[in-house]
$ cat run.cif   # mmCIF, C-alpha atoms
data_my_file
#
loop_
_atom_site.label_atom_id
_atom_site.label_comp_id
_atom_site.auth_asym_id
_atom_site.auth_seq_id
_atom_site.Cartn_x
_atom_site.Cartn_y
_atom_site.Cartn_z
CA MET A 1 27.56 -21.43 77.60
CA ASN A 2 30.86 -22.56 76.06
CA LYS A 3 33.54 -21.40 78.50
CA ALA A 4 36.20 -21.93 75.84
CA ILE A 5 35.10 -18.53 74.52
CA LEU A 6 36.77 -17.03 77.60
CA ASN A 7 40.20 -18.50 76.75
CA ASN A 8 42.86 -15.81 76.35
CA ASP A 9 43.63 -16.59 72.70
CA ILE A 10 39.97 -16.56 71.67
CA GLN A 11 39.29 -13.34 73.59
CA GLU A 12 42.27 -11.77 71.86
CA PHE A 13 40.93 -12.88 68.47
CA ILE A 14 37.49 -11.41 69.26
CA ASN A 15 38.97 -8.06 70.31
CA ASN A 16 41.25 -7.90 67.28
CA ASN A 17 38.39 -8.53 64.86
CA LEU A 18 35.65 -6.23 66.16
CA ASN A 19 35.88 -4.16 62.98
CA SER A 20 36.50 -7.03 60.59
CA ASP A 21 34.05 -8.21 57.95
CA VAL A 22 32.22 -11.06 59.68
CA THR A 23 31.18 -12.68 56.39
CA SER A 24 34.84 -13.01 55.37
CA LEU A 25 35.73 -14.38 58.81
CA LEU A 26 32.95 -16.95 58.55
CA LEU A 27 34.11 -18.10 55.10
CA LYS A 28 37.76 -18.17 56.13
CA GLY A 29 37.11 -19.93 59.42
CA THR A 30 39.36 -20.11 62.47
CA SER A 31 41.91 -22.57 63.77
CA PHE A 32 40.40 -22.95 67.25
CA ALA A 33 39.51 -26.58 67.92
CA SER A 34 37.53 -25.87 71.09
CA ILE A 35 34.89 -23.67 69.50
CA GLU A 36 33.08 -23.23 66.18
CA THR A 37 33.71 -20.13 64.07
CA LYS A 38 30.01 -19.16 64.10
CA ASP A 39 30.10 -18.94 67.91
CA ILE A 40 33.07 -16.60 67.76
CA ILE A 41 31.31 -14.49 65.12
CA GLU A 42 28.28 -14.28 67.43
CA GLN A 43 30.53 -12.90 70.19
CA ILE A 44 32.10 -10.37 67.83
CA GLU A 45 28.73 -9.11 66.58
CA ALA A 46 27.22 -8.88 70.06
CA LYS A 47 30.23 -7.14 71.59
CA LYS A 48 30.40 -4.64 68.74
CA ARG A 49 26.78 -3.64 69.43
CA CYS A 50 27.73 -2.93 73.05
CA GLU A 51 30.47 -0.41 72.27
CA LYS A 52 28.16 2.61 72.55
CA LYS A 53 25.06 1.07 74.08
CA LEU A 54 26.81 -0.78 76.95
CA PRO A 55 30.33 0.67 77.35
CA THR A 56 30.75 -0.77 80.88
CA TRP A 57 30.38 -4.30 79.49
CA PHE A 58 32.37 -3.52 76.35
CA ASN A 59 35.33 -2.24 78.36
CA CYS A 60 35.34 -5.09 80.89
CA ASN A 61 37.56 -8.13 80.24
CA TYR A 62 36.14 -11.64 79.78
CA ILE A 63 32.52 -10.61 79.34
CA TYR A 64 30.42 -13.37 77.77
CA TYR A 65 27.87 -12.10 75.26
CA PRO A 66 24.52 -13.67 74.34
CA ASN A 67 23.23 -13.46 70.77
CA LYS A 68 22.88 -9.99 69.27
CA LEU A 69 19.05 -10.11 69.61
CA ASN A 70 19.42 -10.07 73.40
CA ILE A 71 21.67 -7.02 73.07
CA GLU A 72 19.12 -5.27 70.84
CA GLN A 73 16.31 -5.91 73.34
CA THR A 74 18.19 -4.84 76.46
CA SER A 75 18.09 -1.37 78.00
CA SER A 76 20.95 0.97 77.20
CA GLU A 77 23.15 2.08 80.07
CA ILE A 78 21.75 5.60 79.70
CA THR A 79 18.13 4.54 80.27
CA ALA A 80 19.11 1.99 82.92
CA GLU A 81 20.94 4.64 84.93
CA TYR A 82 17.98 7.01 84.56
CA LYS A 83 15.63 4.32 85.92
CA SER A 84 17.91 3.61 88.87
CA ASN A 85 17.77 7.27 89.90
CA LEU A 86 13.96 7.20 89.97
CA ILE A 87 13.62 4.53 92.66
CA SER A 88 15.62 3.23 95.62
CA GLY A 89 15.28 1.12 98.74
CA GLU A 90 16.41 -2.04 100.49
CA SER A 91 15.25 -4.69 98.00
CA LEU A 92 14.17 -5.05 94.36
CA ILE A 93 13.32 -8.04 92.21
CA ASP A 94 13.50 -7.95 88.41
CA LEU A 95 11.07 -10.55 87.07
CA THR A 96 12.34 -10.36 83.47
CA GLY A 97 16.08 -9.90 83.98
CA GLY A 98 17.39 -10.39 80.45
CA PHE A 99 21.04 -9.39 80.00
CA GLY A 100 20.97 -7.76 83.44
CA VAL A 101 21.74 -4.14 82.58
CA ASP A 102 18.82 -2.70 84.57
CA CYS A 103 19.69 -4.87 87.60
CA TYR A 104 23.31 -3.70 87.44
CA TYR A 105 22.19 -0.08 87.85
CA PHE A 106 19.46 -0.91 90.38
CA SER A 107 22.21 -2.47 92.52
CA LYS A 108 23.63 1.04 92.93
CA THR A 109 20.42 2.30 94.60
CA PHE A 110 19.20 -0.89 96.33
CA LYS A 111 21.00 -2.99 98.95
CA THR A 112 19.86 -6.28 97.41
CA VAL A 113 18.64 -7.07 93.90
CA GLU A 114 17.26 -10.35 92.53
CA HIS A 115 17.48 -11.16 88.81
CA CYS A 116 15.02 -13.70 87.36
CA GLU A 117 15.56 -15.04 83.85
CA ILE A 118 13.63 -17.96 82.35
CA ASN A 119 16.37 -18.63 79.75
CA LYS A 120 18.84 -20.79 81.71
CA GLU A 121 21.69 -20.11 79.28
CA LEU A 122 21.21 -16.35 79.56
CA SER A 123 20.95 -16.60 83.35
CA LEU A 124 24.33 -18.37 83.48
CA ILE A 125 25.85 -15.70 81.24
CA VAL A 126 24.52 -12.87 83.41
CA ASN A 127 25.79 -14.55 86.59
CA HIS A 128 29.27 -14.88 85.06
CA ASN A 129 29.29 -11.26 83.87
CA TYR A 130 28.29 -9.88 87.28
CA LYS A 131 31.39 -11.59 88.71
CA GLN A 132 33.55 -9.96 86.04
CA LEU A 133 31.91 -6.60 86.83
CA GLN A 134 32.54 -7.26 90.54
CA VAL A 135 28.89 -6.92 91.50
CA LYS A 136 28.09 -8.77 94.72
CA SER A 137 24.62 -7.54 95.70
CA ILE A 138 22.70 -9.24 92.85
CA THR A 139 21.34 -12.79 93.16
CA THR A 140 20.41 -14.57 89.92
CA HIS A 141 17.50 -17.02 89.63
CA SER A 142 17.30 -19.26 86.58
CA ASN A 143 13.51 -19.44 86.36
CA ASP A 144 10.36 -17.57 85.39
CA GLY A 145 9.83 -14.47 87.53
CA ILE A 146 6.09 -14.97 88.05
CA SER A 147 6.63 -18.62 89.04
CA HIS A 148 9.36 -17.51 91.43
CA LEU A 149 7.00 -15.06 93.15
CA LYS A 150 4.30 -17.72 93.51
CA THR A 151 6.64 -19.86 95.61
CA SER A 152 8.15 -16.97 97.58
CA ASN A 153 7.15 -15.39 100.88
CA LYS A 154 9.40 -12.37 100.38
CA HIS A 155 8.21 -8.79 100.25
CA TYR A 156 10.18 -6.27 98.20
CA ASP A 157 10.40 -2.49 98.18
CA TRP A 158 10.05 -2.58 94.39
CA ILE A 159 9.20 -5.05 91.63
CA TYR A 160 10.57 -4.29 88.16
CA ILE A 161 9.19 -5.95 85.05
CA ASP A 162 9.83 -5.57 81.31
CA PRO A 163 7.17 -7.63 79.51
CA SER A 164 7.86 -8.70 75.95
CA ARG A 165 5.33 -8.79 73.13
CA ARG A 166 4.23 -12.23 71.98
CA HIS A 167 5.14 -13.04 68.40
CA ASP A 168 1.53 -13.79 67.48
CA SER A 169 0.47 -10.24 68.44
CA LYS A 170 2.71 -8.67 65.83
CA GLY A 171 0.95 -5.99 63.86
CA LYS A 172 -1.97 -5.72 66.26
CA VAL A 173 -2.72 -2.88 68.65
CA PHE A 174 -0.29 -3.04 71.55
CA PHE A 175 -1.97 -4.37 74.73
CA LEU A 176 -0.17 -5.40 77.91
CA ASN A 177 -2.27 -8.54 78.13
CA ASP A 178 -0.71 -9.59 74.80
CA CYS A 179 2.72 -9.59 76.46
CA LEU A 180 4.71 -12.12 78.45
CA PRO A 181 4.32 -12.08 81.33
CA ASN A 182 0.73 -10.85 81.31
CA VAL A 183 1.05 -8.05 83.87
CA PRO A 184 -2.69 -7.16 84.18
CA LEU A 185 -3.48 -10.83 84.88
CA HIS A 186 -0.88 -11.04 87.66
CA LEU A 187 -1.34 -7.63 89.30
CA GLU A 188 -2.84 -9.09 92.48
CA LEU A 189 0.18 -11.39 92.88
CA LEU A 190 2.60 -8.52 92.22
CA PHE A 191 0.98 -6.23 94.80
CA LYS A 192 1.05 -9.10 97.30
CA HIS A 193 4.85 -8.97 97.16
CA SER A 194 5.40 -5.21 96.82
CA LYS A 195 3.57 -1.93 97.20
CA ASN A 196 5.56 -0.44 94.31
CA ILE A 197 5.85 -1.72 90.75
CA LEU A 198 7.91 -0.27 87.89
CA ILE A 199 6.98 -1.49 84.39
CA LYS A 200 8.99 -0.78 81.25
CA THR A 201 7.15 -0.85 77.94
CA SER A 202 7.72 0.06 74.33
CA PRO A 203 6.73 3.61 73.28
CA LEU A 204 4.09 1.91 71.11
CA LEU A 205 1.81 1.41 74.12
CA ASP A 206 -0.97 4.01 74.17
CA PHE A 207 -1.41 5.81 77.51
CA SER A 208 -5.17 5.28 77.71
CA ILE A 209 -4.87 1.58 76.90
CA GLY A 210 -2.15 1.07 79.53
CA ILE A 211 -4.09 2.97 82.19
CA ASN A 212 -7.24 0.95 81.48
CA GLU A 213 -5.35 -2.35 81.72
CA LEU A 214 -3.45 -1.50 84.89
CA LYS A 215 -4.47 -0.40 88.38
CA HIS A 216 -3.11 2.33 90.65
CA VAL A 217 -0.93 4.04 88.00
CA LYS A 218 0.86 6.93 89.71
CA THR A 219 3.33 8.19 87.10
CA ILE A 220 4.17 7.53 83.46
CA HIS A 221 7.70 8.46 82.38
CA VAL A 222 8.49 9.07 78.69
CA ILE A 223 12.21 8.64 78.08
CA ALA A 224 13.90 9.91 74.92
CA ILE A 225 17.61 9.95 74.09
CA ASN A 226 18.75 12.62 71.64
CA ASN A 227 15.14 13.20 70.59
CA GLU A 228 14.28 9.52 70.00
CA VAL A 229 11.74 7.99 72.40
CA LYS A 230 13.20 4.74 73.77
CA GLU A 231 10.80 3.55 76.45
CA LEU A 232 7.86 4.25 78.72
CA LEU A 233 8.04 3.63 82.47
CA TRP A 234 4.87 3.00 84.45
CA VAL A 235 5.00 3.53 88.22
CA LEU A 236 2.25 1.68 90.10
CA GLN A 237 1.61 2.22 93.81
CA ASN A 238 -0.87 -0.02 95.57
CA GLY A 239 -3.92 2.00 96.63
CA PHE A 240 -3.02 5.10 94.60
CA ASP A 241 -6.12 6.68 93.03
CA GLU A 242 -5.17 10.35 92.53
CA GLU A 243 -4.23 12.21 89.33
CA ILE A 244 -1.65 10.51 87.12
CA THR A 245 1.50 12.53 86.43
CA ILE A 246 3.23 12.36 83.04
CA GLU A 247 6.97 13.07 83.25
CA THR A 248 8.91 13.53 80.03
CA VAL A 249 12.66 13.69 79.58
CA ASN A 250 14.85 14.10 76.52
CA ILE A 251 18.36 13.04 77.56
CA LYS A 252 21.00 14.92 75.60
CA LYS A 253 24.78 15.06 75.74
CA THR A 254 24.90 18.45 77.44
CA ASP A 255 21.63 18.59 79.38
CA ASN A 256 18.20 17.03 79.91
CA GLU A 257 14.95 18.60 78.72
CA THR A 258 12.05 17.89 81.07
CA PHE A 259 8.35 18.68 81.07
CA ASN A 260 5.71 17.31 83.46
CA PHE A 261 1.94 17.57 83.54
CA SER A 262 -1.23 15.90 84.83
CA PHE A 263 -2.85 13.36 82.49
CA GLU A 264 -6.38 14.18 83.68
CA THR A 265 -5.88 17.98 83.71
CA GLU A 266 -4.49 17.91 80.16
CA LYS A 267 -7.79 16.50 78.88
CA ALA A 268 -9.72 19.40 80.47
CA LEU A 269 -7.41 22.20 79.26
CA GLU A 270 -7.62 24.35 76.14
CA SER A 271 -4.60 25.79 74.35
CA LYS A 272 -3.96 29.49 73.82
CA TYR A 273 -3.52 30.29 70.10
CA GLU A 274 -1.72 33.00 68.21
CA GLU A 275 -0.31 33.71 64.76
CA PRO A 276 3.49 33.32 64.40
CA LEU A 277 5.24 35.95 66.55
CA THR A 278 9.01 36.40 67.03
CA TYR A 279 10.10 32.90 68.04
CA LEU A 280 9.02 29.40 67.00
CA TYR A 281 9.29 26.19 69.07
CA GLU A 282 9.11 22.52 68.16
CA PRO A 283 8.54 20.15 71.14
CA ASN A 284 10.96 17.26 71.58
CA SER A 285 9.87 13.70 70.77
CA ALA A 286 9.12 12.82 74.42
CA ILE A 287 6.53 15.60 74.62
CA LEU A 288 5.10 14.69 71.23
CA LYS A 289 4.59 11.12 72.51
CA SER A 290 3.11 12.35 75.81
CA GLY A 291 0.37 14.43 74.19
CA GLY A 292 0.72 17.28 76.70
CA PHE A 293 0.03 19.90 74.06
CA HIS A 294 -2.52 22.00 75.98
CA SER A 295 -0.43 21.89 79.17
CA ILE A 296 2.46 23.57 77.32
CA THR A 297 0.53 26.81 76.65
CA ASN A 298 -0.88 26.74 80.18
CA THR A 299 2.55 26.23 81.78
CA LEU A 300 4.98 28.10 79.53
CA GLU A 301 4.75 31.59 78.04
CA VAL A 302 3.95 30.37 74.54
CA PHE A 303 1.00 30.10 72.14
CA LYS A 304 0.02 27.24 69.83
CA LEU A 305 -0.26 27.88 66.09
CA HIS A 306 -3.16 25.46 65.52
CA LYS A 307 -4.93 22.66 67.40
CA HIS A 308 -3.21 19.99 65.29
CA SER A 309 0.04 21.71 64.33
CA HIS A 310 2.02 21.13 67.58
CA LEU A 311 4.21 24.16 66.97
CA TYR A 312 4.44 27.07 69.43
CA THR A 313 5.35 30.74 69.28
CA SER A 314 6.23 33.63 71.60
CA LYS A 315 7.38 37.26 71.54
CA ARG A 316 10.15 36.66 74.07
CA LEU A 317 12.68 33.80 73.81
CA ILE A 318 12.08 31.19 76.54
CA ASP A 319 13.79 27.99 77.67
CA PHE A 320 11.60 25.54 75.76
CA PRO A 321 11.88 21.70 75.93
CA GLY A 322 12.66 21.20 72.25
CA ARG A 323 14.14 23.15 69.34
CA SER A 324 13.97 26.96 69.31
CA PHE A 325 13.99 29.24 66.25
CA LYS A 326 13.94 32.94 65.37
CA ILE A 327 11.19 33.63 62.80
CA GLU A 328 12.62 35.50 59.82
CA ALA A 329 9.46 35.56 57.69
CA THR A 330 5.99 34.05 57.45
CA GLN A 331 3.88 33.84 54.31
CA VAL A 332 0.83 32.05 52.97
CA TYR A 333 2.01 28.94 51.16
CA ASN A 334 1.96 29.39 47.41
CA LYS A 335 4.45 27.84 45.01
CA LYS A 336 4.81 31.00 42.91
CA THR A 337 5.37 33.40 45.82
CA PHE A 338 7.65 30.92 47.58
CA LYS A 339 9.91 30.69 44.52
CA LYS A 340 10.55 34.45 44.83
CA LEU A 341 12.38 33.81 48.11
CA GLY A 342 15.16 32.14 46.09
CA ILE A 343 15.71 29.33 48.60
CA THR A 344 17.51 26.33 47.09
CA LYS A 345 18.78 24.61 50.26
CA ALA A 346 17.04 24.25 53.63
CA ASN A 347 15.96 21.97 56.46
CA ILE A 348 12.25 21.22 55.99
CA THR A 349 9.70 20.23 58.65
CA THR A 350 5.98 19.66 58.12
CA ARG A 351 3.38 19.84 60.89
CA ASN A 352 -0.32 19.49 60.03
CA PHE A 353 0.37 20.01 56.35
CA PRO A 354 -1.06 18.06 53.37
CA GLU A 355 2.28 17.50 51.58
CA THR A 356 5.26 15.49 52.80
CA VAL A 357 8.84 16.73 53.12
CA GLU A 358 9.83 14.61 50.10
CA GLN A 359 7.01 16.02 47.99
CA LEU A 360 7.93 19.61 48.91
CA ARG A 361 11.62 19.10 48.14
CA LYS A 362 10.78 17.78 44.69
CA LYS A 363 8.09 20.35 44.00
CA LEU A 364 10.14 23.36 45.15
CA ASN A 365 13.56 21.98 44.13
CA ILE A 366 15.10 22.40 47.59
CA LYS A 367 18.16 20.43 48.71
CA ASP A 368 18.57 19.27 52.31
CA GLY A 369 20.89 21.05 54.76
CA GLY A 370 22.22 24.51 55.50
CA ASP A 371 21.26 27.03 58.19
CA THR A 372 17.80 27.85 56.87
CA PHE A 373 14.76 26.11 58.38
CA LEU A 374 11.37 25.95 56.70
CA PHE A 375 8.23 24.96 58.60
CA PHE A 376 5.22 24.12 56.44
CA THR A 377 2.15 24.12 58.68
CA THR A 378 -1.38 25.39 59.27
CA ASP A 379 -2.17 28.49 61.35
CA LEU A 380 -5.11 29.24 63.66
CA ASN A 381 -7.17 30.46 60.68
CA ASP A 382 -6.72 27.09 58.92
CA THR A 383 -4.44 28.77 56.38
CA LYS A 384 -1.50 26.80 54.95
CA ILE A 385 1.64 28.78 55.70
CA VAL A 386 5.40 28.49 55.49
CA ILE A 387 7.66 29.89 58.21
CA LEU A 388 11.25 30.82 57.40
CA ALA A 389 13.40 30.54 60.53
CA SER A 390 16.93 30.27 61.89
CA LYS A 391 17.97 28.18 64.87
CA VAL A 392 18.74 29.93 68.16
CA ASP A 393 20.31 28.80 71.40
CA LYS A 394 18.24 28.67 74.57
CA PRO A 395 18.44 31.72 76.84
#

$ encode --input "run.cif" --output "structure tokens"
Amino acid sequence: MNKAILNNDIQEFINNNLNSDVTSLLLKGTSFASIETKDIIEQIEAKKRCEKKLPTWFNCNYIYYPNKLNIEQTSSEITAEYKSNLISGESLIDLTGGFGVDCYYFSKTFKTVEHCEINKELSLIVNHNYKQLQVKSITTHSNDGISHLKTSNKHYDWIYIDPSRRHDSKGKVFFLNDCLPNVPLHLELLFKHSKNILIKTSPLLDFSIGINELKHVKTIHVIAINNEVKELLWVLQNGFDEEITIETVNIKKTDNETFNFSFETEKALESKYEEPLTYLYEPNSAILKSGGFHSITNTLEVFKLHKHSHLYTSKRLIDFPGRSFKIEATQVYNKKTFKKLGITKANITTRNFPETVEQLRKKLNIKDGGDTFLFFTTDLNDTKIVILASKVDKP
């Protein structure tokens, strides 16, 4: 950690060049004797990435930034705040602290928070930044979180852990025991120090695989932001052996879409099916990841179009967790009959359909955009159909 980066003149240069071409800056160089140009460029690139993802850090003076990879891997403030509202208590320890965003928000719902980070340089950076952010309830430890627990007698209300995938597991099926730290291997140690564990994983982790690797899973949270799934959260409670709850949320600018169901009950349910009625619904990405497709028709007043189509319909407009449409027309898919509709511009979606969006655009000569929505899918009779629809607001 080169503290010269925090000098007023260098900080001013960084702030004045956030939108500059970094390649030109690197070639041109700088006149600062106390620091190399590439280190300044690294600060510029990392800070720029924080403008939307971490506005609290971006807007605070004299923040020291790690390399941009650390910024890419860290939680956004939106997901960190969401996590902090799920749990609370007296004490929490984060075994894989990273840039410290999650700990910052946990400090708002816990009296004391401990941040463990094996990278000593990053630990120093986080400790400095907490002082700039005027956070006093977080203690930083510059060591491996698992090793820290092994030498500790403390008991915490919650343990938080964000395991990272090993490089040599790239391309393979995602297993938790391929990650660092290996959570399944250390579960006994973790439960020795807390009754409650919160694990963050990539959306790539399959529910069944995670449940088989872990013990006492109570809840799995699927978090999406603006219809893009960002992370899974696994809540473990020592001794818990009841039904696992899946909680999905799609965090949007104006509101949050939520849908919850039981993992075990979902497997025993059957969907209710119907041909396209008056309204059409497309589940948000959090629900699509969760797999709660049968629970939707058993919870909401909707019908599924086909077992594998993941589109829903109803006679009456309902508040559905996803996009809602008014069906203008439905017809069996046929290139000749479709051409008679005279549609040259539309938003196309395919669900359980043999052709891709790109193939359909080329084949039917349809440009992207406009207010018309076309859904190419399969109905309950295994017939390939196209649904012409217009978007509607929720009731």

$ resolve_selection --input "run.cif" --expression "the PyMOL selection byres ((chain A and resi 206) around 10)" --output "VMD selection string"
chain A and resid 173 to 175 202 to 205 207 to 211 232 289 to 290

$ closest_residue --input "run.cif" --among "A:Glu81, A:Glu228, A:Asp178, A:Glu45" --to "Val22 in chain A" --atoms "all atoms listed in the file"
A:Glu45

$ resolve_selection --input "run.cif" --expression "the PyMOL selection byres ((chain A and resi 198) around 6)" --output "list in words"
Tyr160, Ile197, Ile199, Trp234 and Val235 of chain A

$ residues_around --input "run.cif" --residues "Lys326 in chain A" --least-positions-apart "6" --cutoff "7 Å" --atoms "all atoms listed in the file" --output "NGL selection string"
:A and (278-280 or 389-392)

$ write_last_selection --input "run.cif" --atoms "C-alpha atoms" --output "PDB file, keeping the file's coordinate frame"
ATOM      1  CA  THR A 278       9.010  36.400  67.030  1.00  0.00           C
ATOM      2  CA  TYR A 279      10.100  32.900  68.040  1.00  0.00           C
ATOM      3  CA  LEU A 280       9.020  29.400  67.000  1.00  0.00           C
ATOM      4  CA  ALA A 389      13.400  30.540  60.530  1.00  0.00           C
ATOM      5  CA  SER A 390      16.930  30.270  61.890  1.00  0.00           C
ATOM      6  CA  LYS A 391      17.970  28.180  64.870  1.00  0.00           C
ATOM      7  CA  VAL A 392      18.740  29.930  68.160  1.00  0.00           C
TER       8      VAL A 392
END

$ residues_around --input "run.cif" --residues "Asn8 in chain A" --least-positions-apart "4" --cutoff "9 Å" --atoms "all atoms listed in the file" --output "PyMOL selection string"
chain A and resi 12-13+62

$ resolve_selection --input "run.cif" --expression "the PyMOL selection byres ((chain A and resi 327-344) around 8)" --output "list of chain:residue names"
A:Pro276, A:Leu277, A:Thr278, A:Tyr279, A:Leu280, A:Phe325, A:Lys326, A:Lys345, A:Ala346, A:Leu364, A:Asn365, A:Ile366, A:Lys367, A:Phe376, A:Thr383, A:Lys384, A:Ile385, A:Val386, A:Ile387, A:Leu388, A:Ala389, A:Ser390

$ write_last_selection --input "run.cif" --atoms "C-alpha atoms" --output "PDB file, in the frame of the given file"
ATOM      1  CA  PRO A 276       3.490  33.320  64.400  1.00  0.00           C
ATOM      2  CA  LEU A 277       5.240  35.950  66.550  1.00  0.00           C
ATOM      3  CA  THR A 278       9.010  36.400  67.030  1.00  0.00           C
ATOM      4  CA  TYR A 279      10.100  32.900  68.040  1.00  0.00           C
ATOM      5  CA  LEU A 280       9.020  29.400  67.000  1.00  0.00           C
ATOM      6  CA  PHE A 325      13.990  29.240  66.250  1.00  0.00           C
ATOM      7  CA  LYS A 326      13.940  32.940  65.370  1.00  0.00           C
ATOM      8  CA  LYS A 345      18.780  24.610  50.260  1.00  0.00           C
ATOM      9  CA  ALA A 346      17.040  24.250  53.630  1.00  0.00           C
ATOM     10  CA  LEU A 364      10.140  23.360  45.150  1.00  0.00           C
ATOM     11  CA  ASN A 365      13.560  21.980  44.130  1.00  0.00           C
ATOM     12  CA  ILE A 366      15.100  22.400  47.590  1.00  0.00           C
ATOM     13  CA  LYS A 367      18.160  20.430  48.710  1.00  0.00           C
ATOM     14  CA  PHE A 376       5.220  24.120  56.440  1.00  0.00           C
ATOM     15  CA  THR A 383      -4.440  28.770  56.380  1.00  0.00           C
ATOM     16  CA  LYS A 384      -1.500  26.800  54.950  1.00  0.00           C
ATOM     17  CA  ILE A 385       1.640  28.780  55.700  1.00  0.00           C
ATOM     18  CA  VAL A 386       5.400  28.490  55.490  1.00  0.00           C
ATOM     19  CA  ILE A 387       7.660  29.890  58.210  1.00  0.00           C
ATOM     20  CA  LEU A 388      11.250  30.820  57.400  1.00  0.00           C
ATOM     21  CA  ALA A 389      13.400  30.540  60.530  1.00  0.00           C
ATOM     22  CA  SER A 390      16.930  30.270  61.890  1.00  0.00           C
TER      23      SER A 390
END

$ residues_around --input "run.cif" --residues "Thr37 in chain A" --least-positions-apart "6" --cutoff "7 Å" --atoms "all atoms listed in the file" --output "ChimeraX atom specification"
/A:26,29-30

$ residues_around --input "run.cif" --residues "Lys53 in chain A" --least-positions-apart "6" --cutoff "8 Å" --atoms "only C-alpha atoms" --output "list in words"
Ser76, Glu77 and Ile78 of chain A

$ build_atoms --input "run.cif" --residues "range 32-49 of chain A" --atoms "N, CA and C atoms" --output "short mmCIF file (atom, residue, chain, number, x, y, z; two decimals), keeping the file's coordinate frame"
data_model
loop_
_atom_site.label_atom_id
_atom_site.label_comp_id
_atom_site.auth_asym_id
_atom_site.auth_seq_id
_atom_site.Cartn_x
_atom_site.Cartn_y
_atom_site.Cartn_z
N PHE A 32 40.67 -22.52 65.87
CA PHE A 32 40.40 -22.95 67.25
C PHE A 32 39.61 -24.26 67.25
N ALA A 33 40.16 -25.26 67.89
CA ALA A 33 39.51 -26.58 67.92
C ALA A 33 38.40 -26.65 68.96
N SER A 34 38.46 -25.78 69.97
CA SER A 34 37.53 -25.87 71.09
C SER A 34 36.20 -25.16 70.85
N ILE A 35 36.10 -24.44 69.73
CA ILE A 35 34.89 -23.67 69.50
C ILE A 35 34.66 -23.44 68.01
N GLU A 36 33.41 -23.43 67.59
CA GLU A 36 33.08 -23.23 66.18
C GLU A 36 33.20 -21.75 65.81
N THR A 37 33.53 -21.50 64.55
CA THR A 37 33.71 -20.13 64.07
C THR A 37 32.45 -19.31 64.25
N LYS A 38 31.27 -19.90 63.99
CA LYS A 38 30.01 -19.16 64.10
C LYS A 38 29.77 -18.65 65.51
N ASP A 39 30.25 -19.39 66.52
CA ASP A 39 30.10 -18.94 67.91
C ASP A 39 31.00 -17.74 68.21
N ILE A 40 32.16 -17.74 67.60
CA ILE A 40 33.07 -16.60 67.76
C ILE A 40 32.49 -15.38 67.05
N ILE A 41 31.93 -15.58 65.86
CA ILE A 41 31.31 -14.49 65.12
C ILE A 41 30.16 -13.89 65.94
N GLU A 42 29.39 -14.75 66.60
CA GLU A 42 28.28 -14.28 67.43
C GLU A 42 28.78 -13.37 68.55
N GLN A 43 29.93 -13.72 69.14
CA GLN A 43 30.53 -12.90 70.19
C GLN A 43 30.99 -11.55 69.64
N ILE A 44 31.61 -11.60 68.46
CA ILE A 44 32.10 -10.37 67.83
C ILE A 44 30.94 -9.42 67.55
N GLU A 45 29.87 -9.95 66.94
CA GLU A 45 28.73 -9.11 66.58
C GLU A 45 28.05 -8.53 67.81
N ALA A 46 27.89 -9.34 68.84
CA ALA A 46 27.22 -8.88 70.06
C ALA A 46 28.06 -7.84 70.79
N LYS A 47 29.36 -8.09 70.89
CA LYS A 47 30.23 -7.14 71.59
C LYS A 47 30.29 -5.81 70.86
N LYS A 48 30.34 -5.87 69.53
CA LYS A 48 30.40 -4.64 68.74
C LYS A 48 29.17 -3.77 69.01
N ARG A 49 28.02 -4.38 69.16
CA ARG A 49 26.78 -3.64 69.43
C ARG A 49 26.79 -3.00 70.81
#
